[in-house]
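Structure file data_6.txt; described as compact mmCIF, C-alpha atoms.
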# COMPACT_ATOMS: atom_id res chain seq x y z
CA MET A 150 1.68 -19.69 -8.33
CA THR A 151 1.99 -16.90 -5.85
CA THR A 152 -0.93 -14.60 -5.30
CA ILE A 153 -0.30 -10.87 -5.42
CA ARG A 154 -1.67 -8.84 -2.53
CA THR A 155 -0.52 -6.56 0.23
CA LEU A 156 1.91 -8.21 2.66
CA PRO A 157 1.01 -8.82 6.31
CA ARG A 158 3.33 -5.99 7.33
CA VAL A 159 3.43 -6.45 11.08
CA LEU A 160 4.71 -9.99 10.63
CA THR A 161 7.18 -9.44 7.82
CA LEU A 162 8.77 -6.12 8.67
CA GLY A 163 8.85 -7.04 12.33
CA ALA A 164 10.74 -10.19 11.39
CA VAL A 165 13.16 -8.19 9.31
CA LEU A 166 13.92 -5.93 12.28
CA VAL A 167 14.74 -8.93 14.46
CA PHE A 168 16.71 -10.33 11.54
CA VAL A 169 19.03 -7.33 11.33
CA GLY A 170 19.11 -6.34 14.98
CA ALA A 171 22.40 -8.06 15.69
CA ALA A 172 24.02 -6.20 12.82
CA CYS A 173 23.74 -2.71 14.19
CA ASN A 174 26.57 -2.47 16.67
CA ASN A 175 29.49 -1.91 14.30
CA ALA A 176 32.27 0.41 15.33
CA GLY A 177 32.67 3.57 13.27
CA THR A 178 33.65 7.18 13.24
CA GLY A 179 30.22 8.63 12.54
CA GLY A 180 28.27 9.23 9.35
CA SER A 181 28.15 12.37 7.27
CA THR A 182 25.06 14.49 7.70
CA ALA A 183 22.90 14.60 4.57
CA PRO A 184 22.05 18.00 3.11
CA GLY A 185 18.54 16.79 2.44
CA GLY A 186 16.14 16.75 -0.49
CA SER A 187 12.41 16.82 -0.95
CA GLY A 188 10.33 13.65 -1.00
CA GLY A 189 11.05 12.35 2.49
CA THR A 190 8.19 13.86 4.44
CA GLY A 191 5.66 15.20 1.98
CA SER A 192 4.98 14.46 -1.67
CA THR A 193 6.45 11.40 -3.39
CA GLY A 194 8.31 13.47 -5.99
CA TRP A 195 12.05 13.95 -5.44
CA THR A 196 13.95 17.17 -6.10
CA PRO A 197 17.73 16.99 -5.67
CA ASP A 198 19.30 19.24 -3.07
CA ALA A 199 20.92 22.09 -5.04
CA THR A 200 24.21 22.10 -3.15
CA LEU A 201 24.73 18.36 -3.36
CA LEU A 202 23.63 18.33 -7.01
CA ALA A 203 26.18 21.00 -7.89
CA ALA A 204 28.93 19.03 -6.19
CA ALA A 205 27.87 15.84 -8.00
CA LYS A 206 27.77 17.62 -11.36
CA GLY A 207 31.32 18.73 -10.70
CA GLU A 208 32.22 15.03 -10.65
CA GLY A 209 30.19 14.41 -13.80
CA SER A 210 28.99 10.85 -13.35
CA LEU A 211 28.05 7.96 -11.07
CA THR A 212 29.44 4.42 -11.26
CA THR A 213 27.11 1.61 -10.19
CA ILE A 214 27.68 -2.13 -10.17
CA ALA A 215 25.52 -5.27 -10.37
CA LEU A 216 22.18 -3.54 -11.00
CA PRO A 217 20.17 -5.51 -13.58
CA HIS A 218 17.43 -3.25 -14.95
CA SER A 219 14.73 -5.81 -14.11
CA TRP A 220 15.88 -6.13 -10.48
CA CYS A 221 13.54 -4.09 -8.24
CA ASP A 222 12.80 -1.82 -11.23
CA TYR A 223 16.35 -0.48 -11.28
CA GLY A 224 15.89 0.30 -14.97
CA ASP A 225 13.38 3.02 -14.10
CA MET A 226 15.49 4.05 -11.11
CA LEU A 227 18.52 4.73 -13.28
CA THR A 228 16.51 6.50 -15.97
CA GLN A 229 14.74 8.76 -13.47
CA PHE A 230 17.94 9.58 -11.63
CA LYS A 231 19.69 10.59 -14.85
CA ALA A 232 16.72 12.74 -15.88
CA LYS A 233 16.55 14.53 -12.54
CA THR A 234 20.28 15.10 -12.09
CA GLY A 235 21.76 15.30 -15.58
CA LEU A 236 24.51 12.91 -14.51
CA THR A 237 25.74 10.08 -16.69
CA ILE A 238 25.89 6.58 -15.19
CA ASN A 239 28.62 4.02 -15.76
CA GLU A 240 27.05 0.60 -15.13
CA LEU A 241 29.54 -2.11 -14.23
CA ASN A 242 28.91 -5.88 -14.37
CA PRO A 243 25.07 -5.75 -14.21
CA ASP A 244 24.82 -9.50 -13.58
CA GLY A 245 27.44 -9.63 -10.82
CA GLY A 246 26.86 -10.91 -7.29
CA SER A 247 27.43 -9.27 -3.92
CA GLY A 248 30.91 -10.73 -3.64
CA ASP A 249 31.81 -9.29 -7.04
CA GLU A 250 30.72 -5.84 -5.86
CA VAL A 251 32.85 -5.96 -2.72
CA ASN A 252 35.82 -7.31 -4.66
CA ALA A 253 35.48 -4.49 -7.19
CA ILE A 254 35.96 -1.98 -4.37
CA LYS A 255 38.96 -3.83 -2.96
CA GLN A 256 40.62 -4.20 -6.36
CA ASN A 257 40.11 -0.59 -7.49
CA GLN A 258 41.07 1.52 -4.49
CA SER A 259 42.96 3.95 -6.71
CA GLY A 260 39.84 4.76 -8.71
CA GLY A 261 39.44 4.30 -12.45
CA GLN A 262 36.56 3.21 -14.65
CA ASN A 263 36.15 -0.11 -12.83
CA ALA A 264 35.81 1.43 -9.36
CA PRO A 265 32.19 1.45 -8.14
CA ASP A 266 30.85 4.39 -6.16
CA VAL A 267 27.99 2.46 -4.58
CA ILE A 268 27.00 -1.13 -3.86
CA ASP A 269 23.74 -3.01 -3.26
CA VAL A 270 24.63 -6.26 -1.47
CA GLY A 271 23.22 -9.00 0.73
CA LEU A 272 23.03 -8.12 4.42
CA SER A 273 26.08 -10.06 5.54
CA PHE A 274 28.31 -8.18 3.10
CA GLY A 275 27.52 -4.84 4.78
CA PRO A 276 28.95 -5.43 8.27
CA GLN A 277 31.85 -7.45 6.83
CA SER A 278 32.73 -4.53 4.56
CA VAL A 279 32.75 -2.25 7.61
CA THR A 280 35.20 -4.62 9.25
CA ASP A 281 37.28 -4.60 6.06
CA GLY A 282 37.33 -0.79 6.14
CA ILE A 283 36.09 -0.26 2.57
CA LEU A 284 32.90 1.78 3.15
CA ALA A 285 32.27 5.49 3.71
CA PRO A 286 29.58 6.56 6.21
CA TYR A 287 26.64 8.66 5.03
CA LYS A 288 23.20 9.28 6.51
CA VAL A 289 20.48 10.18 4.02
CA SER A 290 17.97 12.93 4.82
CA THR A 291 15.29 10.29 5.51
CA TRP A 292 17.60 8.49 7.95
CA ASP A 293 15.22 8.75 10.90
CA THR A 294 12.49 6.85 9.02
CA ILE A 295 14.73 3.83 8.46
CA PRO A 296 14.19 1.46 11.41
CA GLU A 297 17.07 1.59 13.88
CA THR A 298 17.59 -2.14 13.65
CA ALA A 299 17.88 -2.06 9.85
CA LYS A 300 20.92 0.19 9.57
CA ASP A 301 24.44 0.65 10.84
CA LYS A 302 24.30 3.24 13.61
CA ASP A 303 27.15 5.25 12.05
CA GLY A 304 25.75 5.20 8.52
CA TYR A 305 28.09 2.71 6.88
CA TRP A 306 25.21 0.64 5.45
CA TYR A 307 21.41 0.68 5.53
CA GLY A 308 18.72 -1.83 4.59
CA ASP A 309 16.93 -1.14 1.33
CA TYR A 310 14.39 -3.87 0.42
CA TYR A 311 13.61 -7.58 0.73
CA GLY A 312 11.78 -10.47 -0.94
CA VAL A 313 11.53 -14.28 -0.69
CA MET A 314 13.09 -17.13 -2.64
CA ALA A 315 10.89 -18.51 -5.43
CA PHE A 316 10.85 -20.76 -8.50
CA GLU A 317 10.69 -18.83 -11.76
CA VAL A 318 9.20 -21.28 -14.27
CA ASN A 319 8.93 -21.09 -18.06
CA THR A 320 5.62 -22.90 -18.55
CA ASP A 321 6.13 -23.32 -22.28
CA VAL A 322 8.93 -25.74 -21.41
CA ILE A 323 7.85 -27.00 -17.96
CA LYS A 324 4.30 -28.35 -18.20
CA THR A 325 4.10 -29.69 -14.64
CA VAL A 326 5.06 -26.76 -12.45
CA PRO A 327 6.98 -27.74 -9.28
CA ALA A 328 5.25 -26.74 -6.06
CA ASP A 329 8.00 -27.41 -3.53
CA TRP A 330 11.72 -27.97 -3.20
CA ALA A 331 11.55 -31.76 -3.19
CA ASP A 332 9.79 -31.68 -6.57
CA LEU A 333 12.93 -30.29 -8.22
CA GLN A 334 14.67 -33.65 -7.79
CA LYS A 335 12.07 -35.48 -9.90
CA PRO A 336 13.06 -36.85 -13.36
CA ASP A 337 10.59 -34.37 -14.90
CA TYR A 338 13.13 -31.61 -14.36
CA LYS A 339 16.20 -33.06 -16.07
CA ASN A 340 18.53 -30.23 -17.24
CA ALA A 341 16.07 -27.65 -15.97
CA VAL A 342 17.04 -26.11 -12.63
CA ALA A 343 19.48 -23.21 -12.33
CA LEU A 344 20.67 -20.73 -9.74
CA ALA A 345 20.53 -17.00 -10.42
CA GLY A 346 24.22 -16.56 -9.67
CA ASP A 347 27.47 -18.24 -8.71
CA PRO A 348 26.97 -19.68 -5.18
CA THR A 349 30.53 -18.82 -4.23
CA VAL A 350 29.90 -15.07 -4.59
CA SER A 351 26.18 -14.39 -5.15
CA ASN A 352 23.93 -13.71 -2.16
CA GLN A 353 20.86 -14.71 -4.20
CA ALA A 354 22.41 -18.08 -5.13
CA ILE A 355 23.66 -18.71 -1.58
CA SER A 356 20.15 -18.01 -0.30
CA ALA A 357 18.63 -20.50 -2.75
CA VAL A 358 21.01 -23.25 -1.64
CA TRP A 359 20.24 -22.50 2.00
CA ALA A 360 16.48 -22.43 1.42
CA ALA A 361 16.58 -25.80 -0.33
CA GLY A 362 18.38 -27.23 2.68
CA ILE A 363 15.88 -25.80 5.16
CA ALA A 364 13.13 -27.57 3.22
CA THR A 365 14.95 -30.90 3.29
CA GLY A 366 16.06 -31.37 6.88
CA GLY A 367 18.14 -28.30 7.53
CA SER A 368 17.38 -25.11 9.42
CA LEU A 369 18.44 -21.50 9.82
CA ASP A 370 21.28 -22.91 11.94
CA ASN A 371 22.21 -25.75 9.59
CA ALA A 372 22.86 -25.02 5.90
CA GLN A 373 24.69 -28.26 5.09
CA PRO A 374 21.53 -29.99 3.77
CA GLY A 375 21.43 -27.29 1.09
CA LEU A 376 24.77 -28.45 -0.31
CA ASP A 377 23.57 -32.06 -0.04
CA PHE A 378 20.40 -31.14 -1.93
CA PHE A 379 22.35 -29.63 -4.82
CA LYS A 380 24.79 -32.53 -4.87
CA THR A 381 21.83 -34.85 -5.44
CA LEU A 382 20.30 -32.44 -7.96
CA ASN A 383 23.57 -32.28 -9.88
CA SER A 384 24.14 -36.04 -9.78
CA ALA A 385 20.63 -36.59 -11.13
CA GLY A 386 21.35 -34.27 -14.07
CA ASN A 387 18.63 -31.81 -13.05
CA PHE A 388 20.99 -28.98 -12.20
CA VAL A 389 22.18 -26.69 -14.98
CA PRO A 390 25.54 -25.05 -14.07
CA VAL A 391 24.68 -21.85 -15.90
CA ILE A 392 23.83 -18.55 -14.21
CA GLY A 393 20.08 -18.26 -14.78
CA LYS A 394 19.01 -14.95 -16.31
CA THR A 395 15.86 -13.63 -17.94
CA ALA A 396 17.20 -14.60 -21.36
CA THR A 397 18.11 -18.17 -20.36
CA VAL A 398 14.73 -18.70 -18.72
CA ALA A 399 12.98 -17.40 -21.84
CA SER A 400 15.09 -19.48 -24.22
CA GLY A 401 14.57 -22.66 -22.21
CA GLU A 402 18.26 -23.11 -21.40
CA THR A 403 17.35 -22.71 -17.70
CA PRO A 404 13.55 -23.11 -17.65
CA ILE A 405 13.46 -23.15 -13.83
CA ARG A 406 15.44 -20.38 -12.12
CA LEU A 407 15.72 -20.04 -8.34
CA ALA A 408 15.37 -16.31 -7.73
CA TRP A 409 13.90 -13.68 -5.45
CA THR A 410 10.18 -13.11 -5.97
CA TYR A 411 10.76 -9.60 -7.29
CA ASN A 412 13.11 -10.81 -10.04
CA SER A 413 10.75 -13.54 -11.20
CA LEU A 414 7.68 -11.29 -11.18
CA SER A 415 9.57 -8.57 -13.04
CA ASP A 416 10.61 -11.07 -15.70
CA ASN A 417 6.97 -12.04 -16.17
CA ASP A 418 6.19 -8.39 -16.83
CA SER A 419 9.10 -7.79 -19.20
CA LEU A 420 8.54 -10.97 -21.22
CA LYS A 421 4.82 -10.17 -21.61
CA GLY A 422 3.76 -13.79 -21.84
CA THR A 423 6.41 -14.81 -24.39
CA PRO A 424 7.04 -17.20 -22.79
CA PRO A 425 4.59 -17.25 -19.87
CA ILE A 426 6.27 -17.28 -16.46
CA LYS A 427 4.89 -18.62 -13.20
CA THR A 428 6.33 -17.47 -9.89
CA VAL A 429 6.06 -20.17 -7.25
CA VAL A 430 6.74 -19.53 -3.56
CA PRO A 431 7.56 -23.06 -2.31
CA LYS A 432 5.21 -24.65 0.22
CA SER A 433 8.05 -25.22 2.67
CA ALA A 434 10.97 -22.99 3.57
CA VAL A 435 9.60 -19.57 2.64
CA PHE A 436 13.00 -17.94 2.91
CA GLY A 437 13.48 -14.17 2.97
CA GLY A 438 16.50 -11.99 2.45
CA MET A 439 17.25 -8.29 2.79
CA TYR A 440 19.81 -6.28 0.85
CA VAL A 441 21.70 -3.18 1.97
CA GLN A 442 23.14 -0.07 0.31
CA ALA A 443 26.56 1.45 0.95
CA ILE A 444 29.05 3.91 -0.49
CA SER A 445 32.62 2.91 -1.27
CA LYS A 446 35.36 4.50 0.81
CA TYR A 447 37.23 4.88 -2.47
CA ALA A 448 34.30 6.21 -4.53
CA PRO A 449 35.62 8.25 -7.48
CA HIS A 450 32.40 10.29 -7.36
CA PRO A 451 31.49 10.57 -3.64
CA ASN A 452 28.95 13.38 -4.04
CA ALA A 453 27.20 11.59 -6.90
CA ALA A 454 27.11 8.53 -4.63
CA LYS A 455 25.42 10.54 -1.86
CA LEU A 456 22.93 11.98 -4.35
CA TRP A 457 22.09 8.45 -5.56
CA MET A 458 21.42 7.38 -1.97
CA GLU A 459 19.20 10.42 -1.44
CA TYR A 460 17.17 9.38 -4.46
CA LEU A 461 16.88 5.72 -3.41
CA TYR A 462 15.69 6.64 0.09
CA SER A 463 13.27 9.36 -1.02
CA ASP A 464 9.58 8.50 -1.26
CA GLU A 465 9.91 8.35 -5.03
CA GLY A 466 12.81 5.92 -4.88
CA GLN A 467 11.15 3.68 -2.30
CA ILE A 468 7.92 3.54 -4.30
CA THR A 469 9.86 2.74 -7.48
CA TRP A 470 11.33 -0.27 -5.70
CA MET A 471 7.78 -1.33 -4.87
CA LYS A 472 6.87 -1.11 -8.55
CA GLY A 473 9.53 -3.77 -9.02
CA TYR A 474 7.87 -6.05 -6.41
CA CYS A 475 10.37 -5.24 -3.65
CA THR A 476 9.31 -4.31 -0.12
CA PRO A 477 11.26 -1.13 0.75
CA ILE A 478 12.73 -0.55 4.19
CA ARG A 479 10.76 2.70 4.66
CA TYR A 480 7.45 0.96 3.95
CA ASP A 481 5.93 1.66 7.37
CA ASP A 482 6.66 5.38 7.09
CA LEU A 483 5.18 5.54 3.59
CA LYS A 484 2.09 3.65 4.69
CA LYS A 485 1.62 5.82 7.78
CA ARG A 486 1.61 8.94 5.61
CA ASN A 487 -0.68 7.30 3.05
CA VAL A 488 1.57 8.03 0.07
CA ILE A 489 1.67 4.55 -1.49
CA PRO A 490 -0.52 4.26 -4.60
CA ALA A 491 -3.04 1.43 -4.15
CA ASP A 492 -2.06 -0.28 -7.40
CA VAL A 493 1.60 -0.30 -6.33
CA ALA A 494 0.82 -1.76 -2.88
CA ALA A 495 -1.24 -4.50 -4.52
CA LYS A 496 1.73 -5.68 -6.60
CA LEU A 497 3.69 -7.07 -3.67
CA PRO A 498 3.69 -10.87 -3.21
CA ASP A 499 2.34 -12.70 -0.18
CA THR A 500 5.20 -13.88 2.04
CA THR A 501 3.21 -15.24 4.96
CA GLY A 502 5.34 -17.51 7.14
CA VAL A 503 8.64 -16.10 5.89
CA GLN A 504 11.78 -17.26 7.71
CA LEU A 505 14.36 -14.50 8.14
CA PRO A 506 17.79 -15.42 9.54
CA THR A 507 19.89 -13.41 11.94
CA LEU A 508 23.17 -11.91 10.82
CA ASP A 509 25.13 -14.56 12.70
CA GLN A 510 23.18 -17.30 10.93
CA ILE A 511 23.78 -15.60 7.57
CA ASN A 512 27.52 -15.37 8.16
CA LYS A 513 27.80 -19.02 9.15
CA ALA A 514 25.66 -20.29 6.28
CA SER A 515 27.41 -18.09 3.71
CA ASP A 516 30.81 -19.29 4.87
CA LEU A 517 29.74 -22.93 4.72
CA ILE A 518 28.15 -22.67 1.26
CA THR A 519 30.80 -20.56 -0.45
CA LYS A 520 33.65 -22.71 0.85
CA GLY A 521 31.87 -26.07 0.52
CA TRP A 522 30.18 -25.73 -2.88
CA ALA A 523 33.04 -26.99 -5.04
CA SER A 524 33.87 -30.04 -2.93
CA SER A 525 30.26 -30.92 -2.06
CA VAL A 526 28.47 -30.27 -5.36
CA GLY A 527 31.32 -30.33 -7.87
CA ALA A 528 29.75 -27.97 -10.38
CA THR A 529 31.22 -24.67 -11.56
CA VAL A 530 28.44 -22.16 -12.16
CA LYS A 531 29.15 -19.51 -14.80
Take the structure from the file and write it as structure tokens.
Amino acid sequence: MTTIRTLPRVLTLGAVLVFVGAACNNAGTGGSTAPGGSGGTGSTGWTPDATLLAAAKGEGSLTTIALPHSWCDYGDMLTQFKAKTGLTINELNPDGGSGDEVNAIKQNQSGGQNAPDVIDVGLSFGPQSVTDGILAPYKVSTWDTIPETAKDKDGYWYGDYYGVMAFEVNTDVIKTVPADWADLQKPDYKNAVALAGDPTVSNQAISAVWAAGIATGGSLDNAQPGLDFFKTLNSAGNFVPVIGKTATVASGETPIRLAWTYNSLSDNDSLKGTPPIKTVVPKSAVFGGMYVQAISKYAPHPNAAKLWMEYLYSDEGQITWMKGYCTPIRYDDLKKRNVIPADVAAKLPDTTGVQLPTLDQINKASDLITKGWASSVGATVK
């Protein structure tokens, strides 16, 4: 079981900056300048900028997509944003993957109730969406405190938080808790192991497949062993082709879910011991992944989208992510100004030895896994 303590920040955030460095040279026309809002340089409370708030209220609502309430404490995020702005929020497909979010933009360019204003996607989906021409540039008022190597220079996307891949285990069902990837192939775990998404569209699921491969002969440059691992897991009857969620872990349908640390730890909180959940960071292949935020070029509510980004990148928003066990991209700035509550800092999991891939490695691995899953593994996850 993972121990909960403050991360070794120089190692982990420094690795993240190397990890995203290659992603920051996208062509663009320049980001909008944010009107600002309190919370970026002083207190942790956020007050919406009056001008931007008025414009957002003229639009009436915000449309989000693929934001489960237990993910990085998005439940509190959404509640607080609504309370502070008076806007209503239309939540689309809360259990969708990064690919679903991007496709929703592409398929709803004329607007409508299924058109998302904002997306929160795996790193590789950010630059690709810039290439596809489906994002709108915007630089939040705290832009300068986001590391240069963790954002698109023109404001088309910006890193938000990261965690590492873990085993989320229902210990009422699984009495011998697996400690490493190879353990998952043992007969003890028949009909037990599930991904937290469809590996043809979900960044979290793709990352789990890749991490399993790194632990069994692969590397950041070779994701094929991940597909081989899941082929064996499926053939042995250990793999459950159901998208693992909090409810399926709790019910025992998917008693072992491969998920980011923050999702597993949040489930342990929300389930309150019924059943008890253990979060295991595998002994080998401690694999990390960062997500990014962006605004749709076709956002029906562009000012509400900007206001949402202002909230997320305020001190209050960043600290709320930490309450959900996610390491926010502005962590170093928050720490330097001593505005992180001690109990919140202590919640973050230890990720010593984390491996963080470059954007080029992510693109190659994602392409291999999404295209090769059906033929290599032969299981449809839904």
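Counting only C-alpha atoms, the residue from A:Thr294, A:Ala331, A:Leu505, A:Met439 that sits nearest to A:Lys484 is A:Thr294.
Shortest separation to A:Gly271 among A:Asn417, A:Gly248, A:Val488, A:Ser433 occurs at residue A:Gly248, atoms counted being all atoms listed in the file.
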Next item on the list: Quick one: everything within 8 Å of A:Pro425, counting all atoms listed in the file, minus sequence neighbours fewer than 2 positions away in the same chain. Send it as a list in words.
Entry: Asn319, Thr320, Asp321, Asn417, Leu420, Lys421, Gly422, Thr423 and Lys427 of chain A
Notebook entry, point to check: What is the distance, in Å and to one decimal place, between atom CA of A:Lys380 and atom CA of A:Lys520?
Noted result: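 Atom CA of A:Lys520 lies 14.4 Å from atom CA of A:Lys380.
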Next item on the list: Mind checking which residues fall within 12 Å of A:Gly367, counting all atoms listed in the file, ignoring those fewer than 2 positions away in the same chain, and posting them as a ChimeraX atom specification?
Entry: /A:358-365,369-378,433-434,514
Item checked: Between atom CA of A:Ile254 and atom CA of A:Pro451, distance in Å (one decimal) -> 13.3 Å
Check: Do you have the atom CA of A:Lys513-atom CA of A:Leu344 distance handy?
Finding: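 A separation of 20.3 Å between them.
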Next item on the list: Pull the neighbourhood of (6.8, -31.0, -19.1) for me: all residues within 12 Å in file coordinates, counting only C-alpha atoms, as JSON, numbers by chain.
Entry: {"A": [318, 319, 320, 321, 322, 323, 324, 325, 326, 327, 335, 336, 337, 338, 339, 340, 341, 401, 404, 405]}
